[in-house]
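Peer 1: Below is the file target_22.txt, which contains compact mmCIF, C-alpha atoms.
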# COMPACT_ATOMS: atom_id res chain seq x y z
CA MET A 8 0.00 0.00 0.00
CA ARG A 9 1.48 3.34 -1.03
CA MET A 10 1.08 6.72 0.48
CA LYS A 11 -1.95 8.80 -0.46
CA ASP A 12 -1.36 12.10 -2.28
CA GLU A 13 -3.06 14.22 0.36
CA GLU A 14 -0.87 12.60 3.00
CA ARG A 15 2.21 13.40 0.98
CA ILE A 16 1.19 17.06 0.85
CA LEU A 17 0.58 17.11 4.60
CA VAL A 18 3.95 15.46 5.26
CA GLU A 19 5.66 18.10 3.14
CA ARG A 20 3.86 20.85 5.04
CA VAL A 21 4.93 19.47 8.40
CA LEU A 22 8.50 19.13 7.17
CA ALA A 23 8.35 22.72 5.98
CA GLY A 24 7.69 23.76 9.57
CA ARG A 25 3.90 23.93 9.64
CA HIS A 26 3.24 21.65 12.54
CA ASP A 27 -0.47 22.45 12.47
CA ALA A 28 -0.57 20.08 9.46
CA PHE A 29 0.34 17.22 11.77
CA GLU A 30 -3.14 16.84 13.23
CA PRO A 31 -4.95 16.27 9.90
CA LEU A 32 -2.11 13.95 8.89
CA VAL A 33 -2.53 11.59 11.83
CA LEU A 34 -6.18 12.12 12.72
CA PRO A 35 -7.49 9.28 10.52
CA TYR A 36 -5.23 6.81 12.35
CA ARG A 37 -5.32 8.13 15.89
CA ARG A 38 -8.10 5.91 17.17
CA ALA A 39 -6.68 2.88 15.37
CA LEU A 40 -3.31 3.53 16.97
CA VAL A 41 -4.73 3.66 20.48
CA THR A 42 -6.78 0.53 19.84
CA LEU A 43 -3.80 -1.29 18.37
CA ALA A 44 -1.72 -0.40 21.42
CA TYR A 45 -4.57 -1.59 23.64
CA ARG A 46 -4.77 -4.95 21.85
CA LEU A 47 -1.08 -5.42 22.59
CA LEU A 48 -1.01 -4.01 26.12
CA ARG A 49 -4.54 -4.70 27.44
CA ASP A 50 -4.59 -1.42 29.35
CA TRP A 51 -6.32 1.65 27.98
CA GLU A 52 -4.31 4.14 29.97
CA GLU A 53 -1.03 2.65 28.92
CA ALA A 54 -2.30 2.30 25.37
CA GLY A 55 -3.06 6.03 25.32
CA ASP A 56 0.43 6.81 26.57
CA ALA A 57 1.98 4.47 24.01
CA ALA A 58 -0.03 6.04 21.18
CA GLN A 59 0.93 9.52 22.33
CA GLU A 60 4.60 8.56 22.41
CA ALA A 61 4.32 6.90 19.01
CA LEU A 62 2.79 10.05 17.52
CA PHE A 63 5.51 12.19 19.04
CA LYS A 64 8.18 9.92 17.57
CA ALA A 65 6.40 9.99 14.23
CA TYR A 66 6.51 13.79 14.27
CA ARG A 67 10.14 13.88 15.30
CA HIS A 68 11.29 11.39 12.68
CA LEU A 69 8.94 12.36 9.90
CA ALA A 70 11.87 13.34 7.67
CA ARG A 71 13.00 9.71 7.73
CA PHE A 72 9.64 8.44 6.49
CA ASP A 73 9.91 6.80 3.07
CA THR A 74 7.05 8.27 1.06
CA GLY A 75 6.99 5.13 -1.08
CA ARG A 76 5.51 3.32 1.91
CA SER A 77 2.10 3.39 3.52
CA PHE A 78 1.92 6.10 6.16
CA ARG A 79 -0.54 4.03 8.19
CA ASN A 80 1.80 1.05 8.27
CA TRP A 81 4.69 3.30 9.27
CA LEU A 82 2.66 4.70 12.17
CA PHE A 83 1.63 1.18 13.18
CA GLN A 84 5.24 0.09 13.12
CA ILE A 85 6.19 2.85 15.54
CA ALA A 86 3.20 2.05 17.77
CA VAL A 87 4.00 -1.68 17.83
CA ASN A 88 7.59 -0.95 18.79
CA GLU A 89 6.45 1.40 21.50
CA ALA A 90 3.94 -1.11 22.88
CA ARG A 91 6.55 -3.85 22.70
CA ASP A 92 9.04 -1.76 24.67
CA ARG A 93 6.46 -0.94 27.30
CA ALA A 94 5.37 -4.55 27.64
CA ARG A 95 8.98 -5.58 28.03
CA ARG A 96 9.74 -2.88 30.55
CA ARG A 97 6.82 -3.68 32.72
CA GLY A 98 7.13 -7.43 32.47
CA ARG A 99 3.70 -7.90 31.05
CA GLU A 100 4.68 -10.33 28.38
CA THR A 101 4.16 -13.30 30.60
CA ALA A 102 1.30 -11.83 32.58
CA SER A 103 -2.11 -13.34 32.02
CA LEU A 104 -5.40 -11.68 32.47
CA PRO A 105 -7.40 -13.62 35.01
CA GLU A 106 -10.67 -11.88 34.35
CA LEU A 107 -12.02 -14.68 32.19
CA ALA A 108 -11.25 -17.38 34.70
CA GLY A 109 -14.15 -16.74 37.00
CA ARG A 110 -16.61 -15.72 34.34
CA GLY A 111 -19.18 -18.02 32.90
CA PRO A 112 -20.76 -18.01 29.45
CA ALA A 113 -22.23 -14.71 28.38
CA GLY A 114 -25.53 -16.14 27.29
CA ASP A 115 -27.19 -18.88 25.33
CA ASP A 116 -27.64 -17.01 22.11
CA PRO A 117 -24.35 -16.66 20.23
CA GLU A 118 -25.43 -13.55 18.36
CA SER A 119 -26.63 -11.74 21.45
CA GLY A 120 -23.39 -12.85 23.06
CA LEU A 121 -21.34 -11.26 20.30
CA ARG A 122 -23.36 -8.08 20.56
CA SER A 123 -22.51 -7.72 24.20
CA ALA A 124 -19.60 -5.38 24.79
CA GLU A 125 -18.54 -7.52 27.69
CA THR A 126 -18.37 -10.64 25.57
CA ARG A 127 -16.50 -8.81 22.84
CA SER A 128 -13.96 -7.78 25.39
CA ASP A 129 -13.79 -11.31 26.77
CA LEU A 130 -13.32 -12.73 23.31
CA LEU A 131 -10.49 -10.35 22.61
CA ALA A 132 -8.95 -11.41 25.91
CA CYS A 133 -8.35 -14.76 24.19
CA LEU A 134 -5.31 -12.99 22.77
CA ASP A 135 -3.72 -13.59 26.14
CA ALA A 136 -3.21 -17.19 25.12
CA LEU A 137 -0.65 -15.99 22.60
CA SER A 138 3.02 -15.27 22.94
CA PRO A 139 4.01 -11.61 22.39
CA HIS A 140 5.11 -12.29 18.81
CA GLU A 141 2.00 -14.34 18.00
CA ARG A 142 -0.18 -11.62 19.45
CA GLU A 143 1.48 -8.94 17.34
CA VAL A 144 1.14 -11.04 14.21
CA PHE A 145 -2.49 -11.95 14.91
CA VAL A 146 -3.50 -8.38 15.74
CA LEU A 147 -1.85 -6.91 12.65
CA ARG A 148 -2.89 -9.61 10.18
CA ASP A 149 -6.31 -10.67 11.41
CA LEU A 150 -7.61 -7.66 13.33
CA GLN A 151 -5.94 -4.79 11.46
CA GLU A 152 -6.13 -6.66 8.14
CA MET A 153 -2.57 -6.05 7.07
CA ASN A 154 -1.21 -8.50 4.54
CA ILE A 155 1.60 -10.90 5.41
CA ARG A 156 4.32 -8.80 3.78
CA ASP A 157 3.34 -5.58 5.52
CA THR A 158 2.97 -7.42 8.81
CA ALA A 159 6.48 -8.77 8.44
CA ARG A 160 7.82 -5.35 7.57
CA THR A 161 6.03 -3.70 10.47
CA LEU A 162 7.37 -6.25 12.92
CA GLY A 163 10.85 -6.35 11.40
CA CYS A 164 10.78 -10.09 10.77
CA SER A 165 10.49 -12.43 7.79
CA SER A 166 7.28 -13.48 6.06
CA VAL A 167 8.06 -17.06 7.03
CA SER A 168 8.21 -16.06 10.67
CA VAL A 169 4.85 -14.31 10.30
CA ARG A 170 3.26 -17.40 8.70
CA VAL A 171 4.58 -19.70 11.40
CA ALA A 172 3.40 -17.40 14.20
CA LEU A 173 0.07 -16.85 12.50
CA SER A 174 -0.61 -20.59 12.18
CA SER A 175 0.16 -21.10 15.82
CA ALA A 176 -1.83 -18.04 16.90
CA ARG A 177 -4.97 -19.08 15.00
CA ARG A 178 -4.85 -22.54 16.52
CA LYS A 179 -4.38 -21.18 20.03
CA VAL A 180 -7.19 -18.66 19.64
CA ARG A 181 -9.49 -21.38 18.33
CA ASP A 182 -8.59 -23.61 21.28
CA ARG A 183 -9.12 -20.80 23.78
CA ILE A 184 -12.50 -19.92 22.33
CA ARG A 185 -13.50 -23.57 22.41
CA GLU A 186 -12.49 -23.74 26.03
CA ARG A 187 -14.07 -20.48 27.20
CA PHE A 188 -17.01 -20.10 24.87
CA PRO A 189 -18.19 -23.53 23.75
CA HIS A 190 -21.69 -22.13 23.25
CA LEU A 191 -20.31 -19.53 20.80
CA GLU A 192 -17.85 -21.70 19.00
CA THR A 193 -20.36 -24.36 17.94
CA GLU A 194 -23.04 -22.78 15.85
CA MET C 23 -3.55 -36.19 -2.81
CA MET C 24 -2.78 -34.34 0.40
CA THR C 25 -2.71 -36.38 3.60
CA CYS C 26 -4.58 -35.33 6.74
CA ARG C 27 -1.28 -34.66 8.47
CA ALA C 28 -0.09 -32.36 5.71
CA ALA C 29 -3.49 -30.67 5.52
CA ARG C 30 -3.60 -29.93 9.25
CA THR C 31 -0.34 -28.01 9.04
CA VAL C 32 -1.75 -25.62 6.45
CA LEU C 33 -5.35 -25.28 7.63
CA PRO C 34 -4.72 -22.26 9.90
CA LEU C 35 -3.30 -20.34 6.95
CA LEU C 36 -6.05 -21.57 4.64
CA ALA C 37 -8.61 -20.29 7.16
CA GLY C 38 -7.34 -16.74 6.66
CA GLY C 39 -6.70 -16.97 2.90
CA ASP C 40 -2.94 -16.87 3.41
CA LEU C 41 -1.95 -19.87 1.32
CA PRO C 42 -0.68 -19.62 -2.26
CA PRO C 43 -3.53 -20.50 -4.68
CA ARG C 44 -2.16 -23.86 -5.75
CA LYS C 45 -1.58 -25.06 -2.22
CA ALA C 46 -4.95 -23.69 -1.16
CA ARG C 47 -6.71 -25.66 -3.91
CA ARG C 48 -4.98 -28.86 -2.83
CA ALA C 49 -5.96 -28.31 0.81
CA GLU C 50 -9.55 -27.49 -0.14
CA ARG C 51 -9.79 -30.62 -2.27
CA HIS C 52 -8.60 -32.63 0.69
CA CYS C 53 -11.12 -30.99 3.02
CA ALA C 54 -13.92 -31.69 0.57
CA SER C 55 -13.29 -35.40 0.97
CA CYS C 56 -12.27 -35.47 4.66
CA PRO C 57 -14.93 -34.63 7.28
CA GLY C 58 -12.37 -34.35 10.09
CA CYS C 59 -10.22 -31.76 8.31
CA ARG C 60 -13.33 -29.97 7.08
CA ALA C 61 -14.53 -29.58 10.67
CA GLU C 62 -11.07 -28.42 11.71
CA LEU C 63 -11.07 -25.78 8.98
CA ALA C 64 -14.58 -24.65 9.90
CA GLY C 65 -13.55 -24.26 13.54
CA LEU C 66 -10.53 -22.16 12.63
CA ARG C 67 -12.58 -19.96 10.32
CA ARG C 68 -15.29 -19.51 12.88
CA ALA C 69 -12.82 -18.53 15.61
CA ARG C 70 -11.13 -16.05 13.30
CA GLU C 71 -14.45 -14.53 12.28
CA MET C 72 -15.49 -14.18 15.90
CA MET C 73 -12.30 -12.37 16.81
CA ARG C 74 -12.62 -10.07 13.83
CA ALA C 75 -16.25 -9.36 14.64
CA ALA C 76 -15.37 -8.64 18.26
CA SER C 77 -12.59 -6.30 17.18
CA ALA C 78 -14.70 -4.53 14.56
CA GLY C 79 -17.60 -4.16 16.99
CA ASP C 80 -15.34 -2.61 19.58
CA PRO C 81 -15.16 1.10 18.79
CA GLY C 82 -11.88 1.43 20.63
CA ARG C 83 -10.82 4.74 22.07
CA ASP C 84 -9.27 7.88 20.73
CA LEU C 85 -6.83 10.18 22.44
CA GLY C 86 -8.85 12.65 24.46
CA PRO C 87 -8.53 16.41 23.88
CA ALA C 88 -6.35 16.70 26.98
CA ALA C 89 -3.93 14.00 25.78
CA TRP C 90 -3.84 15.52 22.32
CA GLY C 91 -3.20 18.95 23.82
CA LEU C 92 -0.32 17.55 25.84
CA LEU C 93 1.14 15.99 22.71
CA MET C 94 0.85 19.26 20.78
CA ASP C 95 2.53 21.13 23.65
CA ARG C 96 5.34 18.61 23.63
CA ILE C 97 5.77 18.99 19.89
CA ALA C 98 5.81 22.77 20.21
CA ARG C 99 8.45 22.58 22.95
CA ASP C 100 10.53 20.18 20.91
CA ARG C 101 10.20 22.46 17.91
CA ALA C 102 11.32 25.46 19.93
CA GLU C 103 14.34 23.56 21.25
CA ARG C 104 15.42 21.98 17.99
CA GLY C 105 14.40 24.61 15.48
CA PRO C 106 11.66 24.44 12.89
CA ALA C 107 12.62 21.11 11.35
CA PRO C 108 10.92 18.11 12.97
CA ALA C 109 13.89 15.82 12.44
CA SER C 110 17.47 15.98 13.53
CA VAL C 111 18.84 15.83 10.00
CA ARG C 112 17.09 17.38 7.04
CA GLY C 113 18.23 17.95 3.50
CA LEU C 114 20.45 15.46 1.71
CA PRO C 115 19.89 11.95 3.07
CA ALA C 116 23.54 11.10 2.38
CA LEU C 117 24.62 13.66 4.97
CA ARG C 118 23.25 11.38 7.65
CA TRP C 119 26.25 9.14 7.07
CA ALA C 120 28.82 11.92 7.02
CA PRO C 121 29.85 11.65 10.71
CA ALA C 122 30.22 7.88 10.47
CA ALA C 123 32.20 8.17 7.22
CA ALA C 124 34.53 10.77 8.77
CA ALA C 125 35.10 8.54 11.80
CA LEU C 126 35.88 5.59 9.52
CA VAL C 127 38.45 7.61 7.56
CA VAL C 128 40.15 8.73 10.78
CA ALA C 129 40.18 5.16 12.10
CA ILE C 130 41.71 3.79 8.90
CA ALA C 131 44.32 6.55 8.77
CA GLY C 132 45.18 5.94 12.42
CA GLY C 133 45.49 2.21 11.81
CA LEU C 134 47.80 2.80 8.84
CA LEU C 135 50.01 5.09 10.88
CA VAL C 136 50.28 2.69 13.80
CA GLN C 137 51.00 -0.19 11.43
CA GLY C 138 53.62 1.84 9.57
CA LEU C 139 55.48 2.95 12.68
CA ARG C 140 55.59 -0.44 14.36
CA PRO C 141 59.22 -1.38 15.15
CA ASN C 142 60.85 -4.54 13.70
CA ARG C 143 58.61 -4.67 10.71
CA PRO C 144 59.38 -7.55 8.37
CA PRO C 145 61.06 -6.48 5.13
CA LEU C 146 58.78 -5.42 2.35
CA SER C 147 61.04 -6.75 -0.45
CA ILE C 148 60.16 -10.22 -1.70
CA PRO C 149 63.21 -12.39 -2.53
CA GLU C 150 63.34 -13.96 -5.94
CA GLY C 151 64.08 -17.57 -6.71
CA PRO C 152 62.42 -20.80 -7.76
CA GLY C 153 60.08 -22.42 -5.35
CA PHE C 154 59.72 -19.33 -3.25
CA GLU C 155 56.38 -18.77 -1.70
CA ALA C 156 55.51 -15.36 -0.42
CA PRO C 157 55.38 -15.19 3.35
CA LEU C 158 52.00 -14.61 4.86
CA PRO C 159 52.28 -12.44 7.93
CA VAL C 160 50.04 -13.27 10.84
CA ALA C 161 49.34 -11.42 14.04
CA ALA C 162 52.29 -12.57 16.19
CA ALA C 163 55.72 -10.94 16.54
CA PRO C 164 57.76 -10.86 13.34
CA GLN C 165 60.33 -13.55 12.74
CA ILE C 166 62.88 -13.92 9.88
CA LEU C 167 63.18 -17.46 8.55
CA MET C 168 66.19 -18.94 6.81
CA PRO C 169 65.88 -21.56 4.08
CA GLY C 170 65.00 -24.94 5.53
CA GLN C 171 64.17 -23.45 8.89
CA ALA C 172 60.75 -24.40 10.21
CA PRO C 173 58.67 -21.60 11.54
CA ALA C 174 58.38 -21.53 15.30
CA ALA C 175 54.99 -22.01 16.89
CA GLY C 176 53.18 -18.73 16.69
CA GLY C 177 55.78 -17.41 14.27
CA SER C 178 55.10 -14.60 11.95
CA TYR C 179 55.15 -16.61 8.71
CA ALA C 180 52.66 -19.20 7.75
CA ARG C 181 54.95 -20.46 4.97
CA ALA C 182 58.67 -20.42 4.38
CA PHE C 183 60.97 -21.48 1.54
CA THR C 184 60.00 -24.85 0.23
CA ALA C 185 62.60 -25.61 -2.41
CA GLY C 186 65.15 -24.07 -4.71
CA ALA C 187 68.38 -22.20 -4.22
CA PRO C 188 68.96 -20.89 -0.75
CA ARG C 189 68.49 -17.21 -0.53
CA PRO C 190 68.43 -15.51 2.81
CA VAL C 191 65.86 -12.91 3.47
CA ALA C 192 67.33 -9.45 3.94
CA PRO C 193 67.34 -8.19 7.51
CA PRO C 194 64.75 -5.55 8.27
CA ALA C 195 65.82 -2.08 7.29
CA PRO C 196 65.22 0.67 9.79
CA GLN C 197 62.06 2.57 8.97
CA ASP C 198 62.85 6.24 9.33
CA THR C 199 59.87 7.78 7.66
CA ILE C 200 56.33 6.84 6.88
CA VAL C 201 54.31 8.39 4.14
CA VAL C 202 50.55 8.15 4.16
CA THR C 203 48.90 8.82 0.85
CA PHE C 204 45.25 9.78 0.38
CA VAL C 205 43.85 9.68 -3.13
CA SER C 206 40.41 11.02 -3.93
CA GLN C 207 38.61 8.63 -6.25
CA GLU C 208 36.41 11.43 -7.50
CA THR C 209 38.92 14.20 -8.22
CA GLY C 210 42.21 12.28 -8.34
CA LEU C 211 43.67 14.67 -5.78
CA THR C 212 46.57 13.05 -3.93
CA VAL C 213 47.77 14.15 -0.50
CA ASN C 214 50.93 12.75 1.13
CA TRP C 215 51.58 13.06 4.84
CA THR C 216 55.12 12.32 6.00
CA PHE C 217 56.04 11.38 9.58
CA ASN C 218 59.35 10.36 11.14
CA LYS C 219 59.74 7.28 13.32
CA ASN C 220 58.80 9.29 16.40
CA PHE C 221 55.50 10.11 14.77
CA GLU C 222 56.51 13.71 14.25
CA TRP C 223 54.90 15.52 11.38
CA LYS C 224 57.42 16.16 8.63
CA GLY C 225 55.19 17.80 6.09
CA GLY C 226 52.57 17.16 3.48
CA THR C 227 52.46 17.48 -0.27
CA LYS C 228 49.69 17.64 -2.82
Using the file provided, produce a representation of the structure as structure tokens.
Peer 2:
Amino acid sequence: MRMKDEERILVERVLAGRHDAFEPLVLPYRRALVTLAYRLLRDWEEAGDAAQEALFKAYRHLARFDTGRSFRNWLFQIAVNEARDRARRRGRETASLPELAGRGPAGDDPESGLRSAETRSDLLACLDALSPHEREVFVLRDLQEMNIRDTARTLGCSSVSVRVALSSARRKVRDRIRERFPHLETE
Amino acid sequence: MMTCRAARTVLPLLAGGDLPPRKARRAERHCASCPGCRAELAGLRRAREMMRAASAGDPGRDLGPAAWGLLMDRIARDRAERGPAPASVRGLPALRWAPAAAALVVAIAGGLLVQGLRPNRPPLSIPEGPGFEAPLPVAAAPQILMPGQAPAAGGSYARAFTAGAPRPVAPPAPQDTIVVTFVSQETGLTVNWTFNKNFEWKGGTK
């Protein structure tokens, strides 16, 4: 995915010293950045901090951005690195979220279950079954709908590594859903 | 025909459309005739769809006005401290490498000087004669070998004379001066720096 023309113009404006052009440049991705950081960190407050830091770094290093690339993917790359650093610093990589453990099925009707915000959140907590790398791959490929090549580039690894992690992640997510939500998994 | 074992390894990628078309067709053909693998594939697809639906249905959160304001303040402060450009290096991308290139040139020049001024250097002249093999210096202290003499362990020559008329290697000549020459590949400009054995600058020529 290449950069859009309007984004290129905004980048040039920011580089020319008009930092008011930065807001319209990043606004379309701001919410996605916070949400991406949340999927990786499972903490909204920390996700907000990570997104803020990622945006600051994006501003500071905008001159290094290769305009042949997708601006969104570049921002995501910075956000993933930031979230990864924070997770590492705070030792959250091995932490598990216990909130699902004591919670029973959300309801008997799968569709009503999926409509419930609580169940959506619980479903997404199945990501905790994944290793940090698997989680990054799964979030970027399956939830953010990046292709394999862009996912690999964003994470700084090979496409083969992405495929291997993705296979494992999909299996683990399926197993976790089966375990926690048998009423949802079987239609 | 794909076996169940082979199919199971690729089903997670097939579930997300991440297999090359040919491999995907083979896996799908297998699933069409294998209820177990078909159920496995359906389970993987269903789980993936549920996660995607949960993610898409979750509106997420944006940075609040306060957080955005803080970010803009930070950017403004950074801009005031570093000047109008948002990055540390603007302009020609090649200039980013200039400091590293300069350091490399200094390191190479320093290495040449130290190498050139090292005492007891082996002679630079290569003796002539049949069967002579050029000595290969290694990192230990220099050692002059006579014909037929085996190199000592850790000696400075990997090879010595192997055959032919005996011809002693000349003793090392004292190295009084060292000249370092820099040649620009772009302009052809040549600069010579001359030092004496005490590393004292003796002049330079162009």
Peer 1: Residues of chain A within 7 Å of chain C, counting all atoms listed in the file, what are they? List them as a list in words.
Peer 2: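 Close to chain C, chain A has Leu22, Gly24, Arg37, Arg38, Val41, Thr42, Gly55, Gln59, Phe63, Tyr66, Arg67, His68, Leu69, Ala70, Leu121, Arg127, Leu130, Leu131, Asp149, Leu150, Ser174, Arg177, Arg178, Val180, Arg181, Ile184 and Glu192 of chain A.
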Peer 1: My list of candidates is C:Asp95, C:Arg30, C:Leu135, C:Ala61. Which is closest to Ala49 of chain C when distances are computed with only C-alpha atoms?
Peer 2: C:Arg30
Peer 1: Quick one: pull the distance between atom CA of Ser123 of chain A and atom CA of Asp135 of chain A, Å, one decimal.
Peer 2: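 Separation of atom CA of Ser123 of chain A and atom CA of Asp135 of chain A: 19.8 Å.
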Peer 1: One decimal, Å: what's the distance from atom CA of Glu103 of chain C over to atom CA of Phe83 of chain A, could you say?
Peer 2: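 Result for atom CA of Glu103 of chain C versus atom CA of Phe83 of chain A: 27.0 Å, one decimal.
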Peer 1: Check the smallest atom-to-atom distance from each of C:Arg44, C:Arg51, C:Ala131, C:Ala28 to Phe204 of chain C using all atoms listed in the file, then report the winner.
Peer 2: C:Ala131
Peer 1: Just the number, please: distance in Å from atom CA of Arg97 of chain A to atom CA of Leu34 of chain A, one decimal.
Peer 2: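 Taking atom CA of Arg97 of chain A as the start and atom CA of Leu34 of chain A as the end point, the length is 28.6 Å.
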Peer 1: If we count only C-alpha atoms and set the cut-off at 8 Å, which residues sit around Ala159 of chain A, ignoring sequence neighbours fewer than 6 positions away in its own chain? Please answer as a list in words.
Peer 2: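 In the requested format, the answer is Ser165, Ser166, Ser168 and Val169 of chain A.
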